[in-house]
$ cat protein00.pdb   # PDB, C-alpha atoms (C1' of nucleotides)
ATOM      1  CA  MET A   1      24.561  -0.336 -16.778
ATOM      2  CA  SER A   2      23.483   3.100 -15.758
ATOM      3  CA  ILE A   3      19.827   3.759 -16.400
ATOM      4  CA  ALA A   4      19.384   6.373 -13.681
ATOM      5  CA  PRO A   5      20.223   9.521 -15.709
ATOM      6  CA  THR A   6      17.831   8.541 -18.499
ATOM      7  CA  VAL A   7      15.026   7.577 -16.134
ATOM      8  CA  ASN A   8      15.529  10.721 -14.061
ATOM      9  CA  GLU A   9      15.365  12.926 -17.141
ATOM     10  CA  TRP A  10      12.151  11.200 -18.202
ATOM     11  CA  PHE A  11      10.748  11.678 -14.692
ATOM     12  CA  LEU A  12      11.450  15.403 -14.616
ATOM     13  CA  ALA A  13       9.481  15.809 -17.839
ATOM     14  CA  ASN A  14       6.641  13.373 -17.131
ATOM     15  CA  ARG A  15       5.987  13.104 -13.396
ATOM     16  CA  ARG A  16       2.506  13.553 -12.024
ATOM     17  CA  ASP A  17       1.795  16.556  -9.850
ATOM     18  CA  LEU A  18       0.953  14.662  -6.663
ATOM     19  CA  PRO A  19       0.281  16.354  -3.304
ATOM     20  CA  TRP A  20       3.183  14.702  -1.481
ATOM     21  CA  ARG A  21       5.601  15.978  -4.110
ATOM     22  CA  GLY A  22       4.783  19.612  -3.385
ATOM     23  CA  GLU A  23       7.194  22.068  -1.811
ATOM     24  CA  GLY A  24       6.955  22.046   1.951
ATOM     25  CA  PHE A  25       4.933  18.848   2.198
ATOM     26  CA  GLY A  26       6.349  17.699   5.523
ATOM     27  CA  ALA A  27       7.489  14.367   6.906
ATOM     28  CA  TRP A  28       4.182  13.801   8.670
ATOM     29  CA  GLY A  29       2.264  14.247   5.438
ATOM     30  CA  ILE A  30       4.692  11.920   3.673
ATOM     31  CA  LEU A  31       4.236   9.269   6.355
ATOM     32  CA  VAL A  32       0.439   9.499   6.239
ATOM     33  CA  SER A  33       0.475   9.339   2.448
ATOM     34  CA  GLU A  34       2.778   6.306   2.358
ATOM     35  CA  ILE A  35       0.602   4.364   4.798
ATOM     36  CA  MET A  36      -2.525   5.228   2.831
ATOM     37  CA  LEU A  37      -0.817   4.193  -0.409
ATOM     38  CA  GLN A  38      -0.088   0.675   0.853
ATOM     39  CA  GLN A  39      -2.037  -1.491  -1.601
ATOM     40  CA  THR A  40      -4.331   1.421  -2.417
ATOM     41  CA  PRO A  41      -4.435   3.359  -5.719
ATOM     42  CA  VAL A  42      -3.251   6.969  -5.780
ATOM     43  CA  VAL A  43      -6.580   8.364  -7.002
ATOM     44  CA  ARG A  44      -8.411   6.966  -3.998
ATOM     45  CA  VAL A  45      -5.818   8.208  -1.520
ATOM     46  CA  ILE A  46      -5.617  11.889  -2.484
ATOM     47  CA  PRO A  47      -8.982  13.150  -1.147
ATOM     48  CA  ARG A  48      -8.700  11.136   2.071
ATOM     49  CA  LEU A  49      -5.133  12.354   2.642
ATOM     50  CA  GLU A  50      -6.126  15.998   2.343
ATOM     51  CA  GLU A  51      -8.978  15.521   4.805
ATOM     52  CA  TRP A  52      -6.688  13.808   7.288
ATOM     53  CA  LEU A  53      -3.964  16.422   7.185
ATOM     54  CA  ALA A  54      -6.480  19.256   7.523
ATOM     55  CA  ARG A  55      -7.927  17.562  10.597
ATOM     56  CA  TRP A  56      -4.689  16.233  12.108
ATOM     57  CA  PRO A  57      -1.832  18.428  10.816
ATOM     58  CA  THR A  58       0.713  16.987  13.273
ATOM     59  CA  PRO A  59       1.415  13.633  14.926
ATOM     60  CA  ALA A  60       0.475  15.179  18.274
ATOM     61  CA  ALA A  61      -2.922  16.200  16.931
ATOM     62  CA  LEU A  62      -3.712  12.669  15.831
ATOM     63  CA  ALA A  63      -2.266  11.183  19.011
ATOM     64  CA  ALA A  64      -4.666  13.334  21.067
ATOM     65  CA  ALA A  65      -7.710  11.960  19.220
ATOM     66  CA  PRO A  66      -9.455   8.680  20.036
ATOM     67  CA  ALA A  67      -8.201   5.794  17.887
ATOM     68  CA  GLY A  68     -11.788   5.222  16.807
ATOM     69  CA  ASP A  69     -11.835   8.646  15.153
ATOM     70  CA  ALA A  70      -8.944   7.535  12.971
ATOM     71  CA  VAL A  71     -10.751   4.327  12.028
ATOM     72  CA  ARG A  72     -13.908   6.287  11.225
ATOM     73  CA  ALA A  73     -12.029   8.875   9.154
ATOM     74  CA  TRP A  74     -10.354   6.070   7.218
ATOM     75  CA  GLU A  75     -13.757   5.521   5.622
ATOM     76  CA  ARG A  76     -13.467   2.979   2.803
ATOM     77  CA  LEU A  77      -9.754   3.057   2.016
ATOM     78  CA  GLY A  78      -9.511  -0.608   2.970
ATOM     79  CA  TYR A  79      -7.255  -2.497   5.377
ATOM     80  CA  PRO A  80      -8.472  -0.409   8.340
ATOM     81  CA  ARG A  81      -5.740  -1.785  10.588
ATOM     82  CA  ARG A  82      -3.651   0.849   8.849
ATOM     83  CA  ALA A  83      -5.723   3.576  10.509
ATOM     84  CA  LEU A  84      -5.153   2.013  13.906
ATOM     85  CA  ASN A  85      -1.446   1.620  13.176
ATOM     86  CA  LEU A  86      -1.169   5.219  12.036
ATOM     87  CA  HIS A  87      -2.776   6.397  15.247
ATOM     88  CA  ALA A  88      -0.400   4.236  17.291
ATOM     89  CA  ALA A  89       2.512   5.573  15.260
ATOM     90  CA  ALA A  90       1.399   9.129  16.026
ATOM     91  CA  VAL A  91       1.369   8.286  19.733
ATOM     92  CA  ALA A  92       4.860   6.784  19.504
ATOM     93  CA  ILE A  93       6.198   9.771  17.568
ATOM     94  CA  THR A  94       4.714  12.138  20.136
ATOM     95  CA  GLU A  95       5.963  10.232  23.157
ATOM     96  CA  LEU A  96       9.315   8.946  21.925
ATOM     97  CA  HIS A  97      10.440  11.439  19.280
ATOM     98  CA  GLY A  98       9.227  14.803  20.545
ATOM     99  CA  GLY A  99       6.448  14.932  17.986
ATOM    100  CA  VAL A 100       8.846  14.778  15.028
ATOM    101  CA  VAL A 101       8.744  11.925  12.518
ATOM    102  CA  PRO A 102      12.134  10.238  12.938
ATOM    103  CA  PRO A 103      14.499  10.497   9.940
ATOM    104  CA  ASP A 104      16.381   7.216  10.212
ATOM    105  CA  VAL A 105      15.272   3.819   8.966
ATOM    106  CA  PRO A 106      15.586   1.799  12.196
ATOM    107  CA  ALA A 107      13.458   4.266  14.166
ATOM    108  CA  LEU A 108      10.894   4.384  11.377
ATOM    109  CA  LEU A 109      10.790   0.580  11.168
ATOM    110  CA  ALA A 110       9.928   0.469  14.861
ATOM    111  CA  LEU A 111       6.706   2.389  14.225
ATOM    112  CA  PRO A 112       3.521   0.302  13.902
ATOM    113  CA  GLY A 113       2.460  -0.220  10.297
ATOM    114  CA  VAL A 114       5.842   0.890   8.944
ATOM    115  CA  GLY A 115       7.733  -1.829   7.091
ATOM    116  CA  GLU A 116      10.753  -2.003   4.810
ATOM    117  CA  TYR A 117       9.166  -0.017   2.011
ATOM    118  CA  THR A 118       7.529   2.732   4.054
ATOM    119  CA  ALA A 119      10.522   3.306   6.330
ATOM    120  CA  ARG A 120      12.824   3.914   3.376
ATOM    121  CA  ALA A 121      10.263   5.966   1.489
ATOM    122  CA  VAL A 122       9.952   8.380   4.431
ATOM    123  CA  ALA A 123      13.707   8.541   5.082
ATOM    124  CA  VAL A 124      14.360   9.255   1.404
ATOM    125  CA  PHE A 125      11.444  11.412   0.287
ATOM    126  CA  ALA A 126      10.971  13.383   3.508
ATOM    127  CA  TYR A 127      14.576  13.646   4.672
ATOM    128  CA  GLY A 128      16.732  13.130   1.607
ATOM    129  CA  ARG A 129      18.568  10.131   3.008
ATOM    130  CA  ARG A 130      20.270   7.876   0.467
ATOM    131  CA  HIS A 131      18.644   4.435   0.474
ATOM    132  CA  PRO A 132      17.110   2.148  -2.133
ATOM    133  CA  VAL A 133      13.295   2.283  -2.041
ATOM    134  CA  VAL A 134      11.622  -0.798  -3.482
ATOM    135  CA  ASP A 135       7.909  -1.128  -4.058
ATOM    136  CA  THR A 136       5.918  -3.276  -6.443
ATOM    137  CA  ASN A 137       6.576  -0.855  -9.330
ATOM    138  CA  VAL A 138      10.329  -0.852  -8.810
ATOM    139  CA  ARG A 139      10.387  -4.620  -8.519
ATOM    140  CA  ARG A 140       8.632  -4.926 -11.868
ATOM    141  CA  VAL A 141      10.878  -2.386 -13.614
ATOM    142  CA  ILE A 142      14.017  -4.163 -12.426
ATOM    143  CA  ALA A 143      12.615  -7.597 -13.265
ATOM    144  CA  ARG A 144      12.039  -6.491 -16.838
ATOM    145  CA  ALA A 145      14.790  -4.020 -17.642
ATOM    146  CA  VAL A 146      17.612  -5.778 -15.779
ATOM    147  CA  ASP A 147      16.615  -9.417 -15.335
ATOM    148  CA  GLY A 148      14.684  -9.876 -18.583
ATOM    149  CA  GLN A 149      11.684 -11.340 -16.764
ATOM    150  CA  ALA A 150       8.090 -10.372 -17.479
ATOM    151  CA  SER A 151       7.289 -10.312 -13.752
ATOM    152  CA  PRO A 152       9.272 -10.157 -10.542
ATOM    153  CA  GLY A 153       9.649 -13.419  -8.677
ATOM    154  CA  VAL A 154       8.843 -14.042  -5.052
ATOM    155  CA  PRO A 155       9.733 -10.885  -3.100
ATOM    156  CA  SER A 156      12.986 -10.979  -1.180
ATOM    157  CA  THR A 157      13.801  -7.814   0.753
ATOM    158  CA  ARG A 158      17.526  -8.425   0.783
ATOM    159  CA  ARG A 159      17.777  -9.280  -2.908
ATOM    160  CA  ASP A 160      15.375  -6.536  -4.041
ATOM    161  CA  LEU A 161      17.165  -3.831  -2.045
ATOM    162  CA  ALA A 162      20.528  -4.992  -3.382
ATOM    163  CA  ALA A 163      19.247  -4.879  -6.957
ATOM    164  CA  MET A 164      18.012  -1.307  -6.514
ATOM    165  CA  GLU A 165      21.172  -0.295  -4.666
ATOM    166  CA  ALA A 166      23.196  -1.425  -7.686
ATOM    167  CA  LEU A 167      21.307   1.069  -9.863
ATOM    168  CA  LEU A 168      21.285   3.919  -7.358
ATOM    169  CA  PRO A 169      23.320   7.072  -8.108
ATOM    170  CA  GLU A 170      25.975   8.015  -5.551
ATOM    171  CA  ASP A 171      24.661  11.519  -5.011
ATOM    172  CA  ALA A 172      21.849  11.544  -2.448
ATOM    173  CA  GLU A 173      19.681  13.981  -4.402
ATOM    174  CA  ASP A 174      20.081  12.018  -7.641
ATOM    175  CA  ALA A 175      19.318   8.850  -5.688
ATOM    176  CA  ARG A 176      16.177  10.367  -4.202
ATOM    177  CA  LEU A 177      15.065  11.384  -7.668
ATOM    178  CA  PHE A 178      15.796   7.947  -9.100
ATOM    179  CA  ASN A 179      13.796   6.197  -6.398
ATOM    180  CA  ALA A 180      10.774   8.314  -7.298
ATOM    181  CA  ALA A 181      11.477   8.033 -11.011
ATOM    182  CA  ALA A 182      11.699   4.229 -11.067
ATOM    183  CA  MET A 183       8.459   4.033  -9.117
ATOM    184  CA  GLU A 184       6.763   6.445 -11.493
ATOM    185  CA  LEU A 185       8.028   4.567 -14.539
ATOM    186  CA  GLY A 186       6.453   1.396 -13.197
ATOM    187  CA  ALA A 187       3.211   3.172 -12.381
ATOM    188  CA  LEU A 188       2.768   4.977 -15.700
ATOM    189  CA  VAL A 189       4.705   3.082 -18.388
ATOM    190  CA  CYS A 190       6.085  -0.271 -17.242
ATOM    191  CA  THR A 191       2.689  -1.377 -15.976
ATOM    192  CA  ALA A 192       1.727  -4.901 -14.962
ATOM    193  CA  ARG A 193      -0.682  -5.341 -17.851
ATOM    194  CA  ALA A 194      -0.065  -3.872 -21.304
ATOM    195  CA  PRO A 195       3.198  -2.013 -20.688
ATOM    196  CA  ARG A 196       3.595   1.071 -22.864
ATOM    197  CA  CYS A 197       7.043   0.296 -24.223
ATOM    198  CA  ALA A 198       6.675   2.872 -27.009
ATOM    199  CA  ALA A 199       6.724   5.557 -24.320
ATOM    200  CA  CYS A 200       9.538   4.016 -22.284
ATOM    201  CA  PRO A 201      12.814   5.963 -22.056
ATOM    202  CA  ILE A 202      14.851   2.776 -21.564
ATOM    203  CA  ALA A 203      13.070   0.507 -24.056
ATOM    204  CA  HIS A 204      16.249   0.363 -26.153
ATOM    205  CA  LEU A 205      18.162  -1.337 -23.354
ATOM    206  CA  CYS A 206      15.383  -3.278 -21.610
ATOM    207  CA  ARG A 207      16.540  -6.878 -21.239
ATOM    208  CA  TRP A 208      13.015  -8.255 -21.434
ATOM    209  CA  ARG A 209      12.296  -6.374 -24.658
ATOM    210  CA  LEU A 210      15.670  -7.224 -26.222
ATOM    211  CA  ASP A 211      14.990 -10.901 -25.472
ATOM    212  CA  GLY A 212      11.655 -10.764 -27.300
ATOM    213  CA  TYR A 213       9.271 -10.474 -24.325
ATOM    214  CA  PRO A 214       9.574 -14.042 -23.038
ATOM    215  CA  PRO A 215       6.568 -15.099 -20.937
ATOM    216  CA  TYR A 216       6.982 -15.450 -17.204
ATOM    217  CA  LEU A 217       7.745 -19.022 -16.196
ATOM    218  CA  GLY A 218       8.588 -18.660 -12.507
ATOM    219  CA  VAL A 219       6.413 -19.293  -9.515
ATOM    220  CA  ARG A 220       3.509 -16.924  -9.160
ATOM    221  CA  ALA A 221       1.876 -15.738  -6.000
ATOM    222  CA  PRO A 222      -1.399 -17.569  -5.385
ATOM    223  CA  ALA A 223      -4.422 -15.721  -6.692
ATOM    224  CA  GLN A 224      -6.186 -13.489  -4.212
ATOM    225  CA  LYS A 225      -9.025 -15.297  -2.510
ATOM    226  CA  GLN A 226     -12.538 -14.548  -3.634
ATOM    227  CA  TYR A 227     -13.834 -11.517  -1.749
ATOM    228  CA  GLU A 228     -17.549 -12.280  -1.968
ATOM    229  CA  GLY A 229     -18.478 -14.388   1.030
ATOM    230  CA  SER A 230     -15.047 -14.094   2.640
ATOM    231  CA  ASP A 231     -14.274 -13.201   6.230
ATOM    232  CA  ARG A 232     -12.808  -9.998   4.848
ATOM    233  CA  GLN A 233     -16.161  -9.004   3.455
ATOM    234  CA  VAL A 234     -17.901  -9.732   6.769
ATOM    235  CA  ARG A 235     -15.285  -7.707   8.679
ATOM    236  CA  GLY A 236     -15.853  -4.862   6.259
ATOM    237  CA  LEU A 237     -19.617  -4.999   6.745
ATOM    238  CA  LEU A 238     -19.304  -5.079  10.538
ATOM    239  CA  LEU A 239     -16.893  -2.179  10.602
ATOM    240  CA  ALA A 240     -19.089  -0.158   8.247
ATOM    241  CA  GLU A 241     -21.981  -0.672  10.656
ATOM    242  CA  LEU A 242     -19.885   0.522  13.605
ATOM    243  CA  ARG A 243     -18.433   3.486  11.722
ATOM    244  CA  ALA A 244     -21.944   4.656  10.925
ATOM    245  CA  SER A 245     -23.060   4.668  14.564
ATOM    246  CA  ASP A 246     -22.179   7.188  17.252
ATOM    247  CA  ILE A 247     -23.360   4.855  19.996
ATOM    248  CA  PRO A 248     -22.523   1.237  20.838
ATOM    249  CA  VAL A 249     -24.182  -1.365  18.630
ATOM    250  CA  SER A 250     -25.744  -4.471  20.120
ATOM    251  CA  ALA A 251     -24.809  -7.984  19.080
ATOM    252  CA  ALA A 252     -28.348  -8.435  17.766
ATOM    253  CA  GLU A 253     -27.995  -5.424  15.486
ATOM    254  CA  LEU A 254     -24.616  -6.600  14.217
ATOM    255  CA  ALA A 255     -26.125 -10.011  13.501
ATOM    256  CA  THR A 256     -28.302  -8.454  10.807
ATOM    257  CA  VAL A 257     -25.341  -7.722   8.524
ATOM    258  CA  TRP A 258     -24.568 -11.372   7.738
ATOM    259  CA  PRO A 259     -26.671 -14.544   7.722
ATOM    260  CA  ASP A 260     -23.987 -17.057   8.739
ATOM    261  CA  ALA A 261     -23.760 -16.750  12.535
ATOM    262  CA  ALA A 262     -20.555 -18.756  12.844
ATOM    263  CA  GLN A 263     -18.747 -16.703  10.225
ATOM    264  CA  LEU A 264     -20.032 -13.460  11.700
ATOM    265  CA  SER A 265     -18.804 -14.508  15.122
ATOM    266  CA  ARG A 266     -15.402 -15.357  13.690
ATOM    267  CA  ALA A 267     -15.137 -12.017  11.926
ATOM    268  CA  LEU A 268     -16.154 -10.073  15.017
ATOM    269  CA  ALA A 269     -13.640 -11.977  17.136
ATOM    270  CA  GLY A 270     -10.984 -11.038  14.618
ATOM    271  CA  LEU A 271     -11.879  -7.365  14.789
ATOM    272  CA  LEU A 272     -11.770  -7.499  18.596
ATOM    273  CA  ALA A 273      -8.399  -9.230  18.524
ATOM    274  CA  ASP A 274      -7.083  -6.550  16.169
ATOM    275  CA  GLY A 275      -8.317  -3.773  18.438
ATOM    276  CA  LEU A 276     -10.484  -2.333  15.682
ATOM    277  CA  VAL A 277     -13.571  -2.985  17.819
ATOM    278  CA  VAL A 278     -14.081  -2.987  21.581
ATOM    279  CA  SER A 279     -16.973  -4.381  23.583
ATOM    280  CA  GLY A 280     -18.679  -2.786  26.564
ATOM    281  CA  ASP A 281     -21.862  -3.136  28.555
ATOM    282  CA  ASP A 282     -23.916  -1.460  25.840
ATOM    283  CA  GLY A 283     -22.519  -3.377  22.892
ATOM    284  CA  TYR A 284     -19.722  -3.014  20.395
ATOM    285  CA  GLU A 285     -18.030   0.187  19.241
ATOM    286  CA  LEU A 286     -14.880   1.633  17.755
ATOM    287  CA  PRO A 287     -11.990   2.024  20.212
ATOM    288  CA  GLY A 288     -11.801   5.150  22.381
TER
ATOM    289  C1'  DT B   1       7.303 -18.221   4.307
ATOM    290  C1'  DA B   2       2.509 -18.542   3.195
ATOM    291  C1'  DT B   3      -1.507 -16.448   4.468
ATOM    292  C1'  DC B   4      -4.341 -13.030   6.024
ATOM    293  C1'  DC B   5      -5.896  -8.313   5.923
ATOM    294  C1'  DG B   6     -10.542  -4.176   2.267
ATOM    295  C1'  DT B   7     -12.101  -2.047  -1.484
ATOM    296  C1'  DG B   8     -12.781  -0.646  -6.067
ATOM    297  C1'  DG B   9     -11.721  -0.193 -10.982
ATOM    298  C1'  DG B  10     -10.199  -1.957 -15.504
ATOM    299  C1'  DC B  11     -10.314  -5.149 -19.146
TER
ATOM    300  C1'  DT C   1     -17.515 -11.465 -16.260
ATOM    301  C1'  DG C   2     -14.408 -13.258 -13.362
ATOM    302  C1'  DC C   3      -9.880 -12.157 -12.587
ATOM    303  C1'  DC C   4      -5.937  -9.144 -11.887
ATOM    304  C1'  DC C   5      -4.052  -5.416  -9.791
ATOM    305  C1'  DA C   6      -3.128  -1.484  -6.524
ATOM    306  C1'  DA C   7       3.616   3.283  -3.338
ATOM    307  C1'  DG C   8       2.731  -3.449   1.968
ATOM    308  C1'  DG C   9       2.754  -5.114   6.783
ATOM    309  C1'  DA C  10       2.293  -8.502  10.451
ATOM    310  C1'  DT C  11       2.553 -12.967  11.935
TER
END
$ encode --input "protein00.pdb" --output "structure tokens"
Amino acid sequence: MSIAPTVNEWFLANRRDLPWRGEGFGAWGILVSEIMLQQTPVVRVIPRLEEWLARWPTPAALAAAPAGDAVRAWERLGYPRRALNLHAAAVAITELHGGVVPPDVPALLALPGVGEYTARAVAVFAYGRRHPVVDTNVRRVIARAVDGQASPGVPSTRRDLAAMEALLPEDAEDARLFNAAAMELGALVCTARAPRCAACPIAHLCRWRLDGYPPYLGVRAPAQKQYEGSDRQVRGLLLAELRASDIPVSAAELATVWPDAAQLSRALAGLLADGLVVSGDDGYELPG
DNA sequence: TATCCGTGGGC
DNA sequence: TGCCCAAGGAT
């Protein structure tokens, strides 16, 4: 079945006016936006993205800054390893690609923090290459409209890319549009909870709807672990302490952020192993 | 492949 | 109110 023309037409009339969709928004901006958008809602990304691009308008500009500046400027976007990865990617782009974000998927995949989704998103949205782009929204749209399932099953890159490829228009520009359109449909209409089927352009041919909205019976991903009291929370508290200080912080000062010494030690060791924190004679600090 | 990695908002 | 979810990636 060919849903692309209908979904594309809906997209042209209903798409959000997002910064990375503007004319002349370059490949570097697209890459930064895609990394920031990994597991992070659009509304929280937009202000941080604009600050970043004003400060570091090119990969070379970011590469010339200390990695710790990137971690500090990440503020509270979450998963701060992304900031470190983005800095390392900027260094790689500067040193290996002449300061230009590479246009092909294998070169993009080789960049730190760039996986199957992000590599294709950059190749398609920044360079107009024809590839399937599959994120959580697209997986859900296909699961429902095509497979008749309320939720996508366990992710499988090969299977998910093949499913999207089967729907993808031949023309590269139509394909680029459809990748964005399917994502937008999942984000605005075919949402995880309470899908707005009355507003859906393909409701009349959605397999899940035609089958009477059967409940999902497959295996579900295990629920996210409780954040309160987790190592993640302790890492976040430690990093917040270090972000707030311009000078190295002593172990004694860091010890005040969490009562459980063993857990705090474990979290700090993790941050050191990740390269998010370095230790020197005067204490702990963000990397130089 | 299952698990880990932040943070915040919605219901 | 606790749980689910959010343009994933690395190991």
$ resolve_selection --input "protein00.pdb" --expression "the PyMOL selection byres ((chain C) within 6 of (chain A))" --output "number ranges by chain"
C: 6-9
$ closest_atom_pairs --input "protein00.pdb" --of "chain A" --to "chain B" --cutoff "7 Å" --atoms "only C-alpha atoms (C1' of nucleotides)" --output "tab-separated table"
residue	atom	partner	partner_atom	distance
A:Arg76	CA	B:DT7	C1'	6.7
A:Leu77	CA	B:DT7	C1'	6.6
A:Gly78	CA	B:DG6	C1'	3.8
A:Tyr79	CA	B:DG6	C1'	4.8
A:Arg232	CA	B:DG6	C1'	6.8
A:Gly236	CA	B:DG6	C1'	6.7
$ axis_aligned_box --input "protein00.pdb" --around "stretch 5-9 of chain C" --padding-each-side "8 Å" --output "lines of an AutoDock Vina configuration file"
center_x = -0.2
center_y = -1.1
center_z = -1.5
size_x = 23.7
size_y = 24.7
size_z = 32.6
$ closest_residue --input "protein00.pdb" --among "A:Ser230, A:Ser250, A:Asn179, A:Thr58" --to "A:Asp282" --atoms "only C-alpha atoms"
A:Ser250
$ residues_around --input "protein00.pdb" --residues "A:Asp231" --least-positions-apart "6" --cutoff "9 Å" --atoms "only C-alpha atoms (C1' of nucleotides)" --output "list in words"
Gln263, Leu264, Arg266 and Ala267 of chain A
$ atom_distance --input "protein00.pdb" --atom1 "atom CA of A:Pro80" --atom2 "atom CA of A:Val249"
18.8 Å
$ residues_around --input "protein00.pdb" --residues "A:Ala65" --least-positions-apart "4" --cutoff "12 Å" --atoms "all atoms listed in the file" --output "JSON, numbers by chain"
{"A": [55, 56, 58, 59, 60, 61, 69, 70, 71, 72, 73, 84, 86, 87, 88, 90, 91, 287, 288]}
$ atom_distance --input "protein00.pdb" --atom1 "atom CA of A:Cys197" --atom2 "atom CA of A:Arg130"
29.0 Å
$ atom_distance --input "protein00.pdb" --atom1 "atom CA of A:Arg140" --atom2 "atom CA of A:Pro152"
5.4 Å
$ decode --input "protein00.pdb" --residues "chain B" --atoms "N, CA and C atoms (P, O5', C5', C4', C3', O3' and C1' of nucleotides)" --output "tab-separated table (two decimals), in the first residue's frame"
chain	number	residue	atom	x	y	z
B	1	DT	P	19.50	-9.60	19.04
B	1	DT	O5'	19.72	-9.58	20.62
B	1	DT	C5'	19.52	-10.79	21.32
B	1	DT	C4'	19.56	-10.48	22.79
B	1	DT	C3'	18.57	-9.39	23.18
B	1	DT	O3'	18.21	-9.65	24.52
B	1	DT	C1'	20.72	-8.62	23.64
B	2	DA	P	16.83	-9.22	25.12
B	2	DA	O5'	17.33	-8.78	26.58
B	2	DA	C5'	18.25	-9.64	27.27
B	2	DA	C4'	18.94	-8.87	28.36
B	2	DA	C3'	18.04	-7.95	29.16
B	2	DA	O3'	18.47	-7.98	30.51
B	2	DA	C1'	19.67	-6.64	28.03
B	3	DT	P	17.77	-7.02	31.56
B	3	DT	O5'	18.84	-5.84	31.67
B	3	DT	C5'	20.21	-6.16	31.87
B	3	DT	C4'	21.03	-4.89	31.95
B	3	DT	C3'	20.36	-3.75	32.73
B	3	DT	O3'	21.29	-3.26	33.68
B	3	DT	C1'	21.07	-2.98	30.62
B	4	DC	P	20.77	-2.19	34.76
B	4	DC	O5'	21.64	-0.90	34.41
B	4	DC	C5'	23.05	-1.02	34.24
B	4	DC	C4'	23.52	0.15	33.41
B	4	DC	C3'	23.01	1.50	33.93
B	4	DC	O3'	24.10	2.26	34.42
B	4	DC	C1'	22.78	1.31	31.55
B	5	DC	P	23.75	3.63	35.19
B	5	DC	O5'	23.76	4.68	33.99
B	5	DC	C5'	24.95	4.85	33.21
B	5	DC	C4'	24.68	5.86	32.14
B	5	DC	C3'	23.93	7.10	32.66
B	5	DC	O3'	24.55	8.30	32.25
B	5	DC	C1'	22.86	6.21	30.75
B	6	DG	P	24.18	9.60	33.10
B	6	DG	O5'	22.59	9.63	33.09
B	6	DG	C5'	21.89	10.31	34.09
B	6	DG	C4'	21.60	11.74	33.67
B	6	DG	C3'	20.88	12.56	34.73
B	6	DG	O3'	21.18	13.92	34.44
B	6	DG	C1'	19.42	12.16	32.94
B	7	DT	P	20.75	15.01	35.54
B	7	DT	O5'	19.28	15.38	35.10
B	7	DT	C5'	19.11	16.06	33.87
B	7	DT	C4'	17.65	16.15	33.55
B	7	DT	C3'	16.75	16.57	34.71
B	7	DT	O3'	16.37	17.91	34.47
B	7	DT	C1'	15.77	14.90	33.32
B	8	DG	P	15.47	18.73	35.52
B	8	DG	O5'	14.04	18.63	34.86
B	8	DG	C5'	13.91	18.96	33.48
B	8	DG	C4'	12.57	18.50	32.97
B	8	DG	C3'	11.38	18.90	33.85
B	8	DG	O3'	10.43	19.53	33.04
B	8	DG	C1'	11.24	16.63	33.26
B	9	DG	P	9.27	20.43	33.69
B	9	DG	O5'	8.03	19.89	32.87
B	9	DG	C5'	8.20	19.58	31.49
B	9	DG	C4'	7.10	18.65	31.05
B	9	DG	C3'	5.74	18.96	31.67
B	9	DG	O3'	4.76	18.90	30.65
B	9	DG	C1'	6.33	16.72	32.10
B	10	DG	P	3.27	19.41	30.99
B	10	DG	O5'	2.47	18.05	30.77
B	10	DG	C5'	2.75	17.27	29.60
B	10	DG	C4'	1.95	15.99	29.66
B	10	DG	C3'	0.54	16.17	30.22
B	10	DG	O3'	-0.37	15.39	29.46
B	10	DG	C1'	1.73	14.62	31.56
B	11	DC	P	-1.95	15.71	29.60
B	11	DC	O5'	-2.48	14.41	30.35
B	11	DC	C5'	-2.17	13.12	29.81
B	11	DC	C4'	-2.43	12.05	30.85
B	11	DC	C3'	-3.78	12.20	31.57
B	11	DC	O3'	-4.43	10.94	31.60
B	11	DC	C1'	-2.02	11.98	33.13
